[in-house]
Every structure is written in structure tokens, then in C-alpha cells.
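Below is the file query_11.txt, which contains compact mmCIF, C-alpha atoms and all ligand atoms.
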# COMPACT_ATOMS: atom_id res chain seq x y z
CA MET A 1 53.39 156.66 132.59
CA LYS A 2 55.96 158.07 134.91
CA SER A 3 57.29 154.65 135.75
CA ILE A 4 57.67 153.93 132.04
CA HIS A 5 59.70 157.12 131.62
CA LYS A 6 61.82 156.11 134.55
CA ALA A 7 62.38 152.67 133.13
CA VAL A 8 63.39 154.10 129.73
CA GLU A 9 65.79 156.50 131.48
CA VAL A 10 67.35 153.67 133.52
CA SER A 11 67.65 151.53 130.42
CA ALA A 12 69.32 154.36 128.46
CA GLN A 13 71.74 154.92 131.32
CA THR A 14 72.58 151.20 131.39
CA THR A 15 73.21 151.19 127.63
CA ARG A 16 75.52 154.20 127.95
CA ASN A 17 77.44 152.44 130.74
CA VAL A 18 77.80 149.25 128.73
CA LEU A 19 79.02 151.17 125.68
CA LYS A 20 81.49 153.08 127.82
CA ARG A 21 82.78 149.87 129.44
CA ASN A 22 83.09 148.19 126.03
CA ALA A 23 84.92 151.18 124.61
CA MET A 24 87.38 151.10 127.51
CA ARG A 25 87.85 147.36 127.13
CA PHE A 26 88.44 147.76 123.39
CA ALA A 27 91.02 150.49 124.04
CA ALA A 28 92.81 148.27 126.57
CA VAL A 29 92.94 145.36 124.13
CA LEU A 30 94.17 147.64 121.37
CA LEU A 31 96.91 149.03 123.61
CA ALA A 32 97.98 145.54 124.66
CA ALA A 33 98.13 144.42 121.04
CA LEU A 34 100.15 147.47 120.09
CA ALA A 35 102.50 146.85 123.02
CA ILE A 36 103.15 143.29 121.83
CA PHE A 37 103.58 144.52 118.29
CA VAL A 38 106.12 147.14 119.37
CA ALA A 39 107.97 144.79 121.74
CA VAL A 40 108.27 141.86 119.29
CA PRO A 41 107.95 143.39 115.86
CA ASN A 42 108.24 140.14 113.80
CA ALA A 43 106.36 137.73 116.07
CA ALA A 44 103.45 137.38 113.67
CA LEU A 45 105.74 136.97 110.65
CA ALA A 46 108.21 134.36 112.02
CA ALA A 47 108.70 131.71 109.31
CA PRO A 48 107.45 128.28 110.36
CA PRO A 49 110.11 125.57 109.98
CA GLN A 50 109.81 123.36 106.88
CA HIS A 51 108.75 119.77 107.42
CA HIS A 52 110.86 117.37 105.43
CA ASP A 53 108.97 114.21 106.20
CA GLN A 54 106.27 112.68 104.01
CA VAL A 55 103.03 110.79 104.54
CA PRO A 56 103.73 107.08 105.07
CA GLY A 57 104.32 105.36 101.73
CA PHE A 58 101.30 103.13 101.49
CA TYR A 59 98.06 103.35 99.55
CA ARG A 60 95.02 101.11 99.76
CA LEU A 61 92.66 100.10 97.01
CA LYS A 62 89.63 97.87 97.18
CA VAL A 63 89.30 95.41 94.29
CA GLY A 64 86.09 93.46 94.80
CA ASP A 65 86.53 91.95 98.24
CA LEU A 66 90.32 92.22 98.12
CA GLU A 67 92.19 94.82 100.09
CA VAL A 68 95.27 95.79 98.09
CA THR A 69 97.95 97.91 99.75
CA ALA A 70 100.76 99.43 97.69
CA LEU A 71 103.98 99.72 99.71
CA PHE A 72 106.55 102.24 98.54
CA ASP A 73 110.11 100.96 98.55
CA GLY A 74 111.68 104.13 97.14
CA PRO A 75 112.13 106.40 94.14
CA ALA A 76 114.03 105.31 91.04
CA VAL A 77 115.07 106.79 87.72
CA ALA A 78 115.41 104.78 84.53
CA ASP A 79 118.51 105.46 82.49
CA LEU A 80 118.29 106.46 78.85
CA HIS A 81 121.07 103.98 78.09
CA TRP A 82 118.93 101.12 79.37
CA LEU A 83 116.54 101.53 76.44
CA ASN A 84 116.91 99.59 73.20
CA GLY A 85 114.97 100.40 70.05
CA THR A 86 115.28 101.76 66.55
CA LYS A 87 117.51 104.80 66.11
CA ALA A 88 114.49 106.96 65.22
CA THR A 89 112.62 105.99 68.42
CA ILE A 90 115.66 106.47 70.67
CA ASP A 91 116.41 109.84 69.00
CA GLY A 92 112.81 110.81 69.75
CA VAL A 93 113.26 109.89 73.40
CA VAL A 94 116.49 111.93 73.59
CA GLU A 95 114.67 114.92 72.12
CA ALA A 96 111.71 114.52 74.49
CA LEU A 97 114.08 114.27 77.46
CA ARG A 98 115.51 117.68 76.59
CA GLU A 99 112.02 119.13 76.91
CA ASP A 100 111.17 117.08 79.98
CA PRO A 101 114.11 115.89 82.09
CA HIS A 102 111.71 114.12 84.51
CA MET A 103 110.39 111.74 81.87
CA LEU A 104 112.27 108.67 83.08
CA GLU A 105 111.43 109.00 86.77
CA ALA A 106 110.04 105.82 88.26
CA ALA A 107 109.59 104.00 91.57
CA ASP A 108 109.95 100.67 93.27
CA THR A 109 106.84 99.32 94.96
CA GLY A 110 105.65 96.05 96.50
CA PHE A 111 102.00 95.13 97.06
CA LEU A 112 100.04 93.40 99.78
CA VAL A 113 96.81 91.55 99.10
CA ASN A 114 94.58 90.73 102.03
CA THR A 115 92.02 88.25 100.70
CA GLY A 116 90.24 88.05 104.03
CA LYS A 117 91.77 84.61 104.52
CA GLN A 118 95.41 85.13 103.63
CA LEU A 119 97.92 87.96 103.62
CA ILE A 120 99.94 87.85 100.40
CA LEU A 121 102.91 89.99 99.48
CA VAL A 122 103.58 90.41 95.75
CA ASP A 123 107.19 91.51 95.24
CA ALA A 124 109.16 92.76 98.21
CA GLY A 125 111.21 95.78 97.16
CA ALA A 126 114.99 95.93 97.28
CA GLY A 127 115.72 95.75 101.00
CA THR A 128 119.46 96.34 101.34
CA TRP A 129 120.41 94.48 98.14
CA TYR A 130 120.30 97.22 95.53
CA GLY A 131 122.82 99.76 96.85
CA GLY A 132 122.16 103.33 97.96
CA ALA A 133 119.66 104.62 100.48
CA ALA A 134 116.90 105.49 98.00
CA LEU A 135 115.33 102.03 98.12
CA GLY A 136 114.58 99.68 100.99
CA HIS A 137 111.70 101.53 102.64
CA LEU A 138 109.09 98.82 102.12
CA ALA A 139 109.58 97.29 105.58
CA GLY A 140 108.84 100.60 107.34
CA ASN A 141 105.83 101.33 105.13
CA PHE A 142 104.61 97.78 105.71
CA ARG A 143 104.37 98.48 109.44
CA SER A 144 102.84 101.91 108.84
CA ALA A 145 100.12 100.10 106.86
CA GLY A 146 99.20 98.20 110.01
CA TYR A 147 100.72 94.78 109.36
CA THR A 148 103.65 92.83 110.76
CA PRO A 149 106.00 90.64 108.67
CA GLU A 150 104.99 87.59 110.74
CA GLU A 151 101.43 87.89 109.38
CA VAL A 152 102.43 87.25 105.75
CA ASP A 153 101.33 83.76 104.61
CA LEU A 154 102.60 83.86 101.03
CA VAL A 155 105.01 85.85 98.94
CA LEU A 156 104.51 85.77 95.17
CA VAL A 157 107.51 87.08 93.29
CA THR A 158 107.28 88.16 89.65
CA HIS A 159 110.98 87.48 89.07
CA LEU A 160 114.26 87.21 90.95
CA HIS A 161 115.86 90.62 90.34
CA SER A 162 116.97 92.11 93.64
CA ASP A 163 114.69 95.16 93.40
CA HIS A 164 111.77 92.71 93.72
CA ILE A 165 113.09 90.19 96.23
CA GLY A 166 115.74 92.07 98.26
CA GLY A 167 113.18 92.89 100.95
CA LEU A 168 112.77 89.17 101.72
CA THR A 169 116.13 88.64 103.42
CA THR A 170 118.53 90.61 105.60
CA GLN A 171 122.20 90.91 104.71
CA ASP A 172 123.04 88.40 107.45
CA GLY A 173 120.74 85.81 105.87
CA LYS A 174 117.60 86.07 108.00
CA ARG A 175 114.10 85.67 106.60
CA VAL A 176 112.16 88.94 106.97
CA PHE A 177 108.85 87.05 106.54
CA PRO A 178 109.45 84.03 108.76
CA ASN A 179 106.06 82.38 108.27
CA ALA A 180 105.75 82.91 104.52
CA ASP A 181 106.12 80.44 101.69
CA VAL A 182 107.77 82.14 98.71
CA TYR A 183 106.43 81.24 95.26
CA VAL A 184 108.31 81.74 92.02
CA ALA A 185 108.18 80.19 88.53
CA LYS A 186 110.38 77.10 88.26
CA ALA A 187 112.02 78.48 85.08
CA GLU A 188 112.97 81.61 87.04
CA SER A 189 114.29 79.75 90.04
CA ASP A 190 116.21 77.25 87.88
CA PHE A 191 117.86 80.07 85.92
CA TRP A 192 119.04 82.45 88.66
CA LEU A 193 119.90 79.79 91.21
CA SER A 194 121.98 77.70 88.80
CA PRO A 195 125.72 77.87 89.55
CA GLU A 196 126.42 76.63 85.98
CA ILE A 197 124.38 79.40 84.29
CA ALA A 198 125.84 81.98 86.69
CA ALA A 199 129.38 80.88 85.82
CA LYS A 200 128.75 81.45 82.11
CA ALA A 201 126.93 84.80 82.54
CA PRO A 202 128.62 88.07 81.58
CA LYS A 203 130.47 89.82 84.38
CA ASP A 204 127.98 92.68 84.73
CA ALA A 205 125.14 90.17 85.18
CA GLN A 206 126.92 88.36 88.02
CA PRO A 207 125.52 90.52 90.85
CA PHE A 208 121.95 89.54 89.82
CA PHE A 209 122.82 85.85 90.26
CA GLN A 210 124.69 86.39 93.53
CA SER A 211 121.89 88.41 95.13
CA ALA A 212 119.17 85.98 93.97
CA GLN A 213 121.05 83.05 95.48
CA ALA A 214 121.77 84.81 98.79
CA ILE A 215 118.19 86.07 99.15
CA ALA A 216 116.64 82.67 98.32
CA ALA A 217 119.01 80.64 100.51
CA PRO A 218 117.30 80.96 103.92
CA TYR A 219 113.87 80.18 102.44
CA ILE A 220 115.24 77.13 100.63
CA LYS A 221 116.89 75.98 103.86
CA ALA A 222 113.61 76.38 105.78
CA GLY A 223 111.67 74.46 103.10
CA LYS A 224 109.71 77.59 102.23
CA TRP A 225 110.91 78.15 98.65
CA ARG A 226 108.19 76.86 96.30
CA THR A 227 108.17 76.75 92.52
CA PHE A 228 105.36 76.36 89.99
CA SER A 229 105.62 75.31 86.38
CA GLY A 230 102.10 75.34 84.98
CA SER A 231 98.82 76.92 85.87
CA GLU A 232 98.38 75.25 89.24
CA THR A 233 96.21 76.95 91.83
CA ILE A 234 98.24 78.66 94.54
CA VAL A 235 95.54 81.02 95.80
CA ASP A 236 91.79 80.77 95.11
CA GLY A 237 90.77 83.42 92.58
CA MET A 238 94.34 84.06 91.41
CA GLN A 239 95.69 83.10 87.99
CA LEU A 240 99.29 82.83 86.91
CA VAL A 241 100.03 84.97 83.84
CA PRO A 242 103.29 83.96 82.12
CA LEU A 243 105.11 87.12 81.00
CA HIS A 244 108.38 85.65 79.84
CA GLY A 245 111.04 87.77 78.21
CA HIS A 246 112.29 90.19 80.82
CA THR A 247 113.52 87.08 82.64
CA PRO A 248 113.00 83.38 81.81
CA GLY A 249 110.21 82.83 84.34
CA HIS A 250 108.85 86.37 84.67
CA THR A 251 105.23 85.88 85.83
CA GLY A 252 102.26 88.10 86.56
CA TYR A 253 99.60 87.31 89.17
CA GLU A 254 96.02 88.19 88.30
CA PHE A 255 93.45 88.25 91.09
CA SER A 256 89.72 88.35 90.45
CA SER A 257 87.01 89.25 92.94
CA LYS A 258 83.36 90.06 92.29
CA GLY A 259 84.00 90.75 88.60
CA HIS A 260 86.98 93.04 89.27
CA LYS A 261 90.51 92.11 88.24
CA ILE A 262 93.96 93.28 89.25
CA LEU A 263 97.18 92.14 87.57
CA PHE A 264 100.51 92.40 89.37
CA TRP A 265 102.68 92.67 86.28
CA GLY A 266 106.22 92.92 87.62
CA ASP A 267 108.61 94.45 85.09
CA THR A 268 106.31 94.52 82.08
CA ILE A 269 107.07 98.26 81.94
CA HIS A 270 110.17 100.02 83.34
CA ALA A 271 109.79 103.56 81.95
CA GLN A 272 106.07 104.16 81.70
CA ARG A 273 106.10 107.44 79.79
CA VAL A 274 108.29 105.98 77.08
CA GLN A 275 107.38 102.31 76.85
CA LEU A 276 103.59 102.72 76.93
CA GLN A 277 103.83 104.86 73.82
CA HIS A 278 106.48 102.50 72.40
CA PRO A 279 105.80 99.00 73.76
CA GLU A 280 108.42 97.71 71.30
CA LEU A 281 111.20 99.43 73.29
CA THR A 282 113.11 96.97 75.45
CA VAL A 283 115.60 97.39 78.30
CA VAL A 284 119.12 96.06 78.67
CA PHE A 285 118.01 93.85 81.58
CA ASP A 286 115.65 91.87 79.34
CA ILE A 287 117.15 88.38 79.04
CA ASP A 288 115.10 87.84 75.86
CA PRO A 289 114.18 91.29 74.49
CA THR A 290 112.17 89.93 71.55
CA ALA A 291 110.02 87.86 73.90
CA ALA A 292 109.63 90.83 76.29
CA ALA A 293 108.27 93.03 73.48
CA ALA A 294 106.03 90.21 72.21
CA THR A 295 104.64 89.72 75.72
CA ARG A 296 103.73 93.41 75.91
CA ASN A 297 102.10 93.31 72.47
CA GLN A 298 99.97 90.41 73.57
CA LEU A 299 99.15 91.63 77.07
CA LEU A 300 98.51 95.36 76.80
CA PRO A 301 95.51 95.22 74.38
CA ARG A 302 93.69 92.81 76.70
CA LEU A 303 94.34 94.93 79.80
CA ALA A 304 93.07 98.06 78.03
CA ARG A 305 90.03 96.22 76.68
CA GLU A 306 89.07 94.61 79.98
CA GLY A 307 89.85 97.62 82.19
CA VAL A 308 92.02 95.47 84.42
CA VAL A 309 93.62 97.34 87.31
CA ILE A 310 97.39 97.09 86.96
CA ALA A 311 99.80 97.00 89.87
CA GLY A 312 103.20 97.93 88.44
CA PRO A 313 106.24 98.12 90.72
CA HIS A 314 107.98 100.73 88.55
CA MET A 315 104.95 102.86 87.66
CA SER A 316 104.52 106.16 89.56
CA PHE A 317 103.54 105.42 93.16
CA PRO A 318 101.16 103.91 94.13
CA GLY A 319 101.72 102.06 90.85
CA LEU A 320 98.00 101.37 90.40
CA GLY A 321 96.07 102.33 87.29
CA ARG A 322 94.45 101.28 84.05
CA LEU A 323 95.50 101.41 80.42
CA HIS A 324 93.71 103.15 77.57
CA LYS A 325 94.53 102.81 73.90
CA GLU A 326 96.07 106.01 72.61
CA GLY A 327 97.36 106.27 69.06
CA SER A 328 99.75 103.42 68.40
CA GLY A 329 100.42 103.02 72.13
CA TYR A 330 98.68 103.40 75.49
CA SER A 331 98.04 106.03 78.11
CA TRP A 332 98.11 105.35 81.84
CA ALA A 333 95.14 106.40 83.97
CA PRO A 334 96.34 106.26 87.58
CA VAL A 335 93.83 105.46 90.29
CA VAL A 336 92.52 108.67 91.79
CA PHE A 337 93.05 109.23 95.50
CA THR A 338 90.02 108.72 97.66
CA ASP A 339 89.44 107.96 101.30
CA ARG A 340 86.07 106.35 100.54
CA TRP A 341 86.57 102.62 100.98
CA ASP A 342 83.16 101.77 99.47
CA GLU A 343 83.44 103.92 96.39
CA ARG A 344 86.17 102.40 94.24
ZN ZN B 1 112.46 95.73 88.46

What does the file become when written as C-alpha cells?
Ligand SMILES: [Zn+2]
Amino acid sequence: MKSIHKAVEVSAQTTRNVLKRNAMRFAAVLLAALAIFVAVPNAALAAPPQHHDQVPGFYRLKVGDLEVTALFDGPAVADLHWLNGTKATIDGVVEALREDPHMLEAADTGFLVNTGKQLILVDAGAGTWYGGAALGHLAGNFRSAGYTPEEVDLVLVTHLHSDHIGGLTTQDGKRVFPNADVYVAKAESDFWLSPEIAAKAPKDAQPFFQSAQAIAAPYIKAGKWRTFSGSETIVDGMQLVPLHGHTPGHTGYEFSSKGHKILFWGDTIHAQRVQLQHPELTVVFDIDPTAAAATRNQLLPRLAREGVVIAGPHMSFPGLGRLHKEGSGYSWAPVVFTDRWDER
């Protein structure tokens, strides 16, 4: 009994000592904290510097067995004066722009398709051929995505405007993708690379001809400029989709894998928030505006019906989404970000 009492007394004493030690330790910590607070009054409130960089401009999407990587070339803004349509429609756009000055914002994007057998680039951004520093970032984003230009087997170009092919060639005439064959519709190649047609073209269209010729030249010289004129097979599981109008040989590339489809549609749409609601609106760069509008009228219902994934260079980055019928036009459902590779 006595020993129990003793033990309880010892234990109580120990507890008191521990509490006392803890109290002293707490007081010391508190004093130290106060000392720091007094010595450097704003240490805890110092503003962290802003970070002006961005995540690398690439985004991957699985389509069946295909790995598709969108590569950001840079931001772009469509100009109201580029749009052609009825006065009522244009007036409506002007009015909407007053409410929403960001309505014509766009992008320039190229796309990589890794089929498991071949690495294919579809459109190549502007490189240094479009002026300004806003575009031309595709090459850097290409490397960030884990690939090297030497690995590209094929380049499929939708048309020969410099914002889609500038990334192929440096200003001093070197091929950026030295091992790639470049494919383009014959009608497109014949048009932009013709000195006779260029000579007759209006002055403000001349730069398009000059850049197309300079960019194509090293690939032609190396025997790597290839044209197609029908529905020949270039890649297994890929179909050519003629989309004439914007340019004479404007062509889409539609890949299928395991029942999933993705269409790389080039310049079918320039200003998504205007032209999807008004597919009849054309742009000043359309060589044949009537054909461009007719192509949209034919194409868009099928894409909406079939739920085809669209890869659009001028849609908001990553330029990947699907169409849904909405009123007399369409709405754009962008792909939703996910890091789950198996859940697309
Ligand atoms: Zn374009």
C-alpha cells in the first residue's frame, strides 16, 4: 500500500516537472517568435515575386490508339475587318464585340500524331514567317512534349498559308524536319508555287506566294515535297477530306482508330465564336468564299452528328473539341483537361 502511495507521489512529481519544463519551453519559443516579429516586422508578409512563365504549350489526347499532341505556336486575334457577310450579321458582330471585346481571340496550333509506327506533324505553325514575336513557339513546345524534329516521318499540311507551314523552314532555307516528307494537295501546291499565278495576284496577296515558295523550296530540292490529287492512302487509317474554298487545295486529314475519329480541319473556322454561330460568314483570305461557306455547310452537320473530335489550329488552345448543333449554328465543346491517359 505504502509503495503504491510512493509510486503515485513520484508519478505526480514527474508530471509536475514535465509540465513545468514544457511551460518553460513554450515561453522560450514564444519569446523567440516575438523577437523575430519585432526585429523583422514584415517578414511573414513579404510579397512573393510573380511568375510570368506558363506551363509548356502542349496537350495530349488519346484517340483510340493514337497519341495526339497539340503544340501551341502562339496567340492570335482575328480582325473584325476580315469577316464578310450580310450587313445584318456583321452589325450583330460589331454589337456583340462591344459587349465582349475578347470575342475574336484565337490561337495558332500544330498537331502531332504518334500512330505507334509513325510520327506525323499536321500543320507546323508560323515559325519566323508571320511577323511579330507572338507566333513561332511550336518548335520549343515540340521539344517540351518529348520529341525531336528528326523523329518526324511525315508532315501533312492543310494548306500553304505561312501560319501553317512557316515552322517547316528557317529563314536561311534549312529544313526544320530533315527526315520528313511533306504532303500537300496538288491543287494547293500548283497554285501557291506557280510564278505565273503569283505574278497576276493582287499586291497584298504577294507575301503569301513568296513565303509558300521559300518554305517549300528546301523540301522540293531534297525530293521530300509530295503532292496528292485523289484519295490515295498516305497513312493507314487516315482519310483525305477535301475542304476547298479557303484555298484551292485546302484539305483536312481524318484519322480513325478503334471507332474513334479525329479531323484536322485546318482553316475551316478562323473566329470560332462568330463563325460557328454563322457558318455562312467568310474571311478575306478565302480564295473562293462561296466554296468555303459551302464546305462548312456540308462538313459541320456530319461532325456534330458523328461526334468527331476536331483539331482546329485557330480554335482556343489546345484546339481540340466537338461540335453540337445549337439553334441555326453550332456550339464548341472543348475537350476537358485530364491527366488520365486511359479515360478519354
Ligand atoms: Zn490559318

Expected answer as a PDB file with C-alpha atoms, in the coordinates of the input: residues within 8 Å of ligand ZN 1 (chain B), only C-alpha atoms and all ligand atoms:
ATOM      1  CA  ASP A 108     109.950 100.670  93.270  1.00  0.00           C
ATOM      2  CA  HIS A 161     115.860  90.620  90.340  1.00  0.00           C
ATOM      3  CA  SER A 162     116.970  92.110  93.640  1.00  0.00           C
ATOM      4  CA  ASP A 163     114.690  95.160  93.400  1.00  0.00           C
ATOM      5  CA  HIS A 164     111.770  92.710  93.720  1.00  0.00           C
ATOM      6  CA  GLY A 266     106.220  92.920  87.620  1.00  0.00           C
ATOM      7  CA  ASP A 267     108.610  94.450  85.090  1.00  0.00           C
ATOM      8  CA  HIS A 270     110.170 100.020  83.340  1.00  0.00           C
ATOM      9  CA  PRO A 313     106.240  98.120  90.720  1.00  0.00           C
ATOM     10  CA  HIS A 314     107.980 100.730  88.550  1.00  0.00           C
TER      11      HIS A 314
END

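Using all atoms listed in the file, the protein and nucleic acid residues lying no more than 8 Å from Trp265 of chain A, apart from those fewer than 3 places from it along its own chain, are A:Thr158, A:Thr251, A:Gly252, A:Tyr253, A:Thr268, A:Ile310, A:Ala311, A:Gly312, A:Pro313.
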
Residues near Gly237 of chain A, cut-off 12 Å, only C-alpha atoms, skip fewer than 2 positions along chain, as a compact mmCIF listing (two decimals) with C-alpha atoms, in the coordinates of the input:
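The resulting file, around_6.txt, is shown below:
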# COMPACT_ATOMS: atom_id res chain seq x y z
CA GLY A 64 86.09 93.46 94.80
CA ASP A 65 86.53 91.95 98.24
CA LEU A 66 90.32 92.22 98.12
CA THR A 115 92.02 88.25 100.70
CA GLU A 232 98.38 75.25 89.24
CA THR A 233 96.21 76.95 91.83
CA ILE A 234 98.24 78.66 94.54
CA VAL A 235 95.54 81.02 95.80
CA GLN A 239 95.69 83.10 87.99
CA LEU A 240 99.29 82.83 86.91
CA TYR A 253 99.60 87.31 89.17
CA GLU A 254 96.02 88.19 88.30
CA PHE A 255 93.45 88.25 91.09
CA SER A 256 89.72 88.35 90.45
CA SER A 257 87.01 89.25 92.94
CA LYS A 258 83.36 90.06 92.29
CA GLY A 259 84.00 90.75 88.60
CA HIS A 260 86.98 93.04 89.27
CA LYS A 261 90.51 92.11 88.24
CA ILE A 262 93.96 93.28 89.25
CA LEU A 263 97.18 92.14 87.57

Once you add 4 Å to each side, what are the centre and edge lengths of the axis-aligned box holding all listed atoms of segment 299-303 of chain A? One decimal in Å, as AutoDock Vina command-line options, if you can.
--center_x 96.4 --center_y 93.5 --center_z 77.1 --size_x 13.5 --size_y 11.7 --size_z 13.4

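Across the structure, atom CA of Leu138 of chain A and atom CA of Lys117 of chain A are spaced 22.5 Å apart.
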
Would you work out the distance separating atom CA of Arg340 of chain A from atom CA of Val155 of chain A, expressed in Å to one decimal?
-> 28.0 Å

Could you name the residues that touch Arg226 of chain A at 7 Å or less, counting all atoms listed in the file, but leaving out those on the same chain fewer than 4 positions away, as an mmCIF file with C-alpha atoms, in the coordinates of the input?
data_model
loop_
_atom_site.group_PDB
_atom_site.id
_atom_site.type_symbol
_atom_site.label_atom_id
_atom_site.label_comp_id
_atom_site.auth_asym_id
_atom_site.auth_seq_id
_atom_site.Cartn_x
_atom_site.Cartn_y
_atom_site.Cartn_z
ATOM 1 C CA ASP A 181 106.120 80.440 101.690
ATOM 2 C CA VAL A 182 107.770 82.140 98.710
ATOM 3 C CA TYR A 183 106.430 81.240 95.260
ATOM 4 C CA VAL A 184 108.310 81.740 92.020
#

Between atom CA of Val283 of chain A and atom CA of Thr170 of chain A, what is the distance, to one decimal in Å?
-> 28.3 Å

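Taking all atoms listed in the file into account, Ile287 of chain A lies nearest to A:His250 out of the set A:His324, A:Lys186, A:His250, A:Lys203.
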
Restricting to all atoms listed in the file, whichever of A:Gly319, A:Gln275, A:His102, A:Ile197 is closest to Val336 of chain A is A:Gly319

Pick from A:Leu300, A:Ser194, A:Leu61, A:Ser144, whichever lies nearest to Pro334 of chain A using all atoms listed in the file = A:Leu61

Which residue of A:Phe111, A:Phe209, A:Trp82, A:Phe285 approaches Gly57 of chain A most closely, using only C-alpha atoms | A:Phe111

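The neighbours of Glu188 of chain A here are the residues that come within 7 Å of it, using only C-alpha atoms and leaving out any residue fewer than 2 positions away in the same chain; they are His159, Leu160, Val184, Ala185, Lys186, Asp190, Phe191, Trp192, Pro248, Gly249 and His250 of chain A.
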
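Nearest residue to Val274 of chain A among A:Asn297, A:Asn179, A:Thr69, A:Thr89 is A:Thr89, counting all atoms listed in the file.
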
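Nearest to Gly116 of chain A of all the residues A:Asp153, A:Ala205, A:Gly223, A:Ala214 is A:Asp153, counting only C-alpha atoms.
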